[in-house]
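Here the structure is laid out as structure tokens; the discussion comes afterwards.
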Amino acid sequence: MDKNVASFPGLLLKAGKIKEQFYLTIKELILNGQLKAGSKLPSSRTFSEMMSISRNSVLSGLERLIDEGYLITKKGSGTYVTSFIPDDGIQIQSLSPHKKNNNEQGTRDITPNMKIMKNIWDATSPHAGNNMKFNIGIGCTDLFPYELWGRLLGRVWRQFRHQDWKLNEPLGYKPLRSAISEYVRTTRGLHCTDEQILIVNGTQQAMNLAAQVLLQKGDEVCLDEPGYDGALGAFTSMGAKIRPVISDNNGMDISYAMQHWPEAKMVFTSPSHQFPLGGTLSLARRMALLEWAADNNMWIFEDDYNSEFRYTAQPIQALQGLDRHQRVIYAGTFSKMMFPGFHLGFLVIPENLVESFKIAKYYADSRTSFLEQTILATFISEGHYARHVRRVRKACHERQRVIIEAIQRYLPEIICAEPSDSGIHIVCWLSGKMSESLMIEHCRKAGLGAQPLSRYCQTKPEKEAILLGFAAHSPSEIVEGIKALAQRLVQ
Ligand SMILES: Cc1ncc(COP(=O)(O)O)c(C=O)c1O
């Protein structure tokens, strides 16, 4: 071989389609400096033999690298690495040899709060098990009226250019705010006017805004233990100190919180369905919490994320509706009732805080996107939302019954699961026969996105459990999933 030609000892292809792999491999060698500017490449035939791939794959990869300016051809001489590298550091970052250094530098440069967030992210692995059966937090995706939504979308789109854009204020699209305010007054017993509604991109943004407006570095925030990791991330990212409060079947233990954290500035809780255990905050505890908040100028962040998935009776009145001192920030979300990725929610804000929240929202992202808001406003005001909720509630109740029965039938010795009045996941307590980590390993191998209870705990839980989301699957899929797990366990 020509001694001027670059050599490639032990060259390994990257994962993916062959021509893509070849392209990426050579590009990486150029960007990380292993293939120097001006060096001559072997012929396509030599590459093809050296790497045992087709010549077409090589030619296609080389052509792309030439088009993108990494390589040049010199007539009658061959192909060379250009002396000018076209891409900036963004691409370099995505390539493995540099990744480590960049990560180290990235960790050094970020703020202490970001480091805390990273630790929470690493400890809770929020994306583990996504896209698998029985993952939690997903509603009845199969029952969503996609066609109707499509028709409403078409209608809204046809009128789009005639819409009054000014109606989409930083607080949200006015007709949607009116539709929501009416809906929550009638179904959730809230006391509010349209002016108190702020449209957000889900509860996660709602918590961040609340923290920005109401908390200072070092303020204490009480959170259920076990509790919502999204809240842990949002509040610690603003420098708050999280104070865990034990929870049981009646939700957060308010007297424990008052006794242990008397200086708390905020309590975050989900009274109608404690996350993740599912308890409903008893009336006595609700009243005690409201009184504590009023006496101490403390805020209550009421996360009402699952209130509409209630099966045995009417939804329980929200804390906000019982509050006479404007201490409750109420958050509702459409993430569960609509479809994953929908990501619209709302806050009901005490009157005297509306202006501050509006400003915080404005500087966060100016406002929430117009199109989804307009469709949702129509969906609610024409009564489709209420109908959808009724349908979903009925189906979820049935799906919960089916998963409990399947567990009792196929995994009686290993898991104990009780029906719950509400929610879209069940808590599966493990008998001493199997550890939580081993159970999660079996679940993943059976294609199940179950979540370990410990993910939501700041201290080791007394009893181990996994959570199974059931709402997104038909009864037969549920039975199949539980059977698949049972079969894995006997292997
Ligand atoms: C406890 C809890 N609150 C709220 C939400 C909804 O969050 P978002 O509206 O950001 O999707 C979730 C989602 O899984 C949740 O588990």
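Each chain in the structure tokens gets a letter, A, B, ..., in the order shown, and its residues are numbered from 1; ligands are numbered from 1 in order too.
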
**Request:** List every residue of stretch 309-467 of chain A that DSSP, applied to the backbone, labels as strand (DSSP E), and write the result as a list in words.
**Result:** Val328, Ile329, Tyr330, Ala331, Gly332, Thr333, Gly345, Phe346, Leu347, Val348, Ile415, Cys416, Ala417, His425, Ile426, Val427, Cys428, Trp429, Leu430, Gln451, Pro452, Ala465, Ile466 and Leu467 of chain A

Compute the set of protein, DNA and RNA residues whose minimum atom distance to ligand 1 is at most 7 Å, using only C-alpha atoms and all ligand atoms, and state it as a PDB file with C-alpha atoms, in the first residue's frame.
ATOM      1  CA  GLY A 137     -48.105   7.615  34.736  1.00  0.00           C
ATOM      2  CA  GLY A 202     -47.610  20.474  32.804  1.00  0.00           C
ATOM      3  CA  THR A 203     -47.167  20.141  36.549  1.00  0.00           C
ATOM      4  CA  GLN A 204     -43.411  20.151  36.222  1.00  0.00           C
ATOM      5  CA  GLN A 205     -43.455  23.728  35.014  1.00  0.00           C
ATOM      6  CA  TYR A 228     -42.928  12.518  43.744  1.00  0.00           C
ATOM      7  CA  SER A 270     -51.340  15.224  46.320  1.00  0.00           C
ATOM      8  CA  PHE A 275     -48.105   9.673  45.115  1.00  0.00           C
ATOM      9  CA  ASP A 303     -50.885  18.442  43.099  1.00  0.00           C
ATOM     10  CA  TYR A 305     -52.796  15.065  39.103  1.00  0.00           C
ATOM     11  CA  THR A 333     -52.695  18.415  34.564  1.00  0.00           C
ATOM     12  CA  PHE A 334     -54.111  17.005  31.336  1.00  0.00           C
ATOM     13  CA  SER A 335     -51.109  14.709  30.916  1.00  0.00           C
ATOM     14  CA  HIS A 343     -48.238  18.363  28.322  1.00  0.00           C
ATOM     15  CA  LEU A 344     -50.716  21.022  29.180  1.00  0.00           C
ATOM     16  CA  GLY A 345     -51.711  21.781  32.721  1.00  0.00           C
TER      17      GLY A 345
END

Any idea what's packed within 6 Å of stretch 398-407 of chain A, counting only C-alpha atoms, ignoring anything in its chain fewer than 4 positions away? Could you give it as a PDB file with N, CA and C atoms, in the first residue's frame?
ATOM      1  N   LEU A 411     -49.456 -14.696  40.576  1.00  0.00           N
ATOM      2  CA  LEU A 411     -48.288 -14.388  41.421  1.00  0.00           C
ATOM      3  C   LEU A 411     -48.667 -14.318  42.904  1.00  0.00           C
ATOM      4  N   PRO A 475     -57.784  -5.241  29.034  1.00  0.00           N
ATOM      5  CA  PRO A 475     -57.761  -6.345  30.001  1.00  0.00           C
ATOM      6  C   PRO A 475     -56.945  -7.537  29.515  1.00  0.00           C
ATOM      7  N   VAL A 479     -53.549  -9.189  31.383  1.00  0.00           N
ATOM      8  CA  VAL A 479     -53.387 -10.588  31.815  1.00  0.00           C
ATOM      9  C   VAL A 479     -52.129 -11.177  31.179  1.00  0.00           C
TER      10      VAL A 479
END

**Complete:** Shortest contact to A:Cys192, candidates A:Ser237, A:Gln21, A:Thr368, A:Gln326, atoms counted only C-alpha atoms, goes to A:Gln326

**Item:** A:Ile199, A:Ala179, A:Leu190, A:Leu232 ranked by distance to A:Met117, top pick (using only C-alpha atoms)
**Value:** A:Leu232

**Item:** Spatial neighbours of stretch 239-246 of chain A, 10 Å, only C-alpha atoms, chain gap at least 2 places, as a VMD selection string
**Value:** chain A and resid 112 to 114 116 211 to 212 215 to 227 231 to 237 248 251 to 258 260 to 261 264 to 269 457 to 459

**Message:** I'd like the neighbourhood of A:Cys428 as a ChimeraX atom specification, where a residue qualifies if any of its atoms comes within 8 Å (using only C-alpha atoms), though same-chain residues fewer than 2 positions away should be ignored.
**Reply:** /A:415-418,426,430,465-468

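Selecting alpha helix (DSSP H) from the backbone DSSP output for stretch 114-145 of chain A yields A:Met114, A:Lys115, A:Ile116, A:Met117, A:Lys118, A:Asn119, A:Ile120, A:Trp121, A:Asp122, A:Ala123, A:Thr124.
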
Kindly save the residues from that selection, with C-alpha atoms included, as a short mmCIF file (atom, residue, chain, number, x, y, z; two decimals), in the first residue's frame.
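Result file again-v2.cif:
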data_model
loop_
_atom_site.label_atom_id
_atom_site.label_comp_id
_atom_site.auth_asym_id
_atom_site.auth_seq_id
_atom_site.Cartn_x
_atom_site.Cartn_y
_atom_site.Cartn_z
CA MET A 114 -27.61 21.77 38.78
CA LYS A 115 -25.28 19.23 40.39
CA ILE A 116 -28.01 18.38 42.88
CA MET A 117 -30.49 17.98 40.03
CA LYS A 118 -28.07 15.69 38.21
CA ASN A 119 -27.72 13.55 41.32
CA ILE A 120 -31.49 13.28 41.63
CA TRP A 121 -31.72 12.39 37.95
CA ASP A 122 -29.07 9.67 38.30
CA ALA A 123 -30.61 8.28 41.49
CA THR A 124 -34.20 8.18 40.20
#

**Prompt:** For A:Ser39, which residue among A:Val81, A:Leu277, A:Leu152, A:Leu71 is the nearest when counting only C-alpha atoms?
**Reply:**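 Among A:Val81, A:Leu277, A:Leu152, A:Leu71, it is A:Val81 that comes nearest to A:Ser39.
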
Spatial neighbours of stretch 440-446 of chain A, max dist 7 Å, only C-alpha atoms, sep filter under 4 positions, as a PDB file with N, CA and C atoms, in the first residue's frame:
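So the final result, stored in part31.pdb, reads:
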ATOM      1  N   GLU A 436     -36.605  -6.233  45.689  1.00  0.00           N
ATOM      2  CA  GLU A 436     -37.128  -5.275  44.716  1.00  0.00           C
ATOM      3  C   GLU A 436     -36.239  -5.225  43.464  1.00  0.00           C
ATOM      4  N   ALA A 450     -42.126  -1.721  35.010  1.00  0.00           N
ATOM      5  CA  ALA A 450     -42.464  -1.484  36.424  1.00  0.00           C
ATOM      6  C   ALA A 450     -41.430  -0.569  37.066  1.00  0.00           C
ATOM      7  N   PRO A 452     -39.496   0.666  40.719  1.00  0.00           N
ATOM      8  CA  PRO A 452     -39.280   0.271  42.117  1.00  0.00           C
ATOM      9  C   PRO A 452     -39.793   1.367  43.054  1.00  0.00           C
ATOM     10  N   ALA A 484     -46.648 -13.201  31.608  1.00  0.00           N
ATOM     11  CA  ALA A 484     -45.254 -13.184  31.130  1.00  0.00           C
ATOM     12  C   ALA A 484     -44.297 -13.049  32.310  1.00  0.00           C
ATOM     13  N   LEU A 485     -44.670 -12.221  33.263  1.00  0.00           N
ATOM     14  CA  LEU A 485     -43.811 -12.042  34.433  1.00  0.00           C
ATOM     15  C   LEU A 485     -43.779 -13.340  35.251  1.00  0.00           C
ATOM     16  N   ARG A 488     -41.524 -15.877  33.699  1.00  0.00           N
ATOM     17  CA  ARG A 488     -40.102 -15.551  33.914  1.00  0.00           C
ATOM     18  C   ARG A 488     -39.658 -15.984  35.312  1.00  0.00           C
TER      19      ARG A 488
END
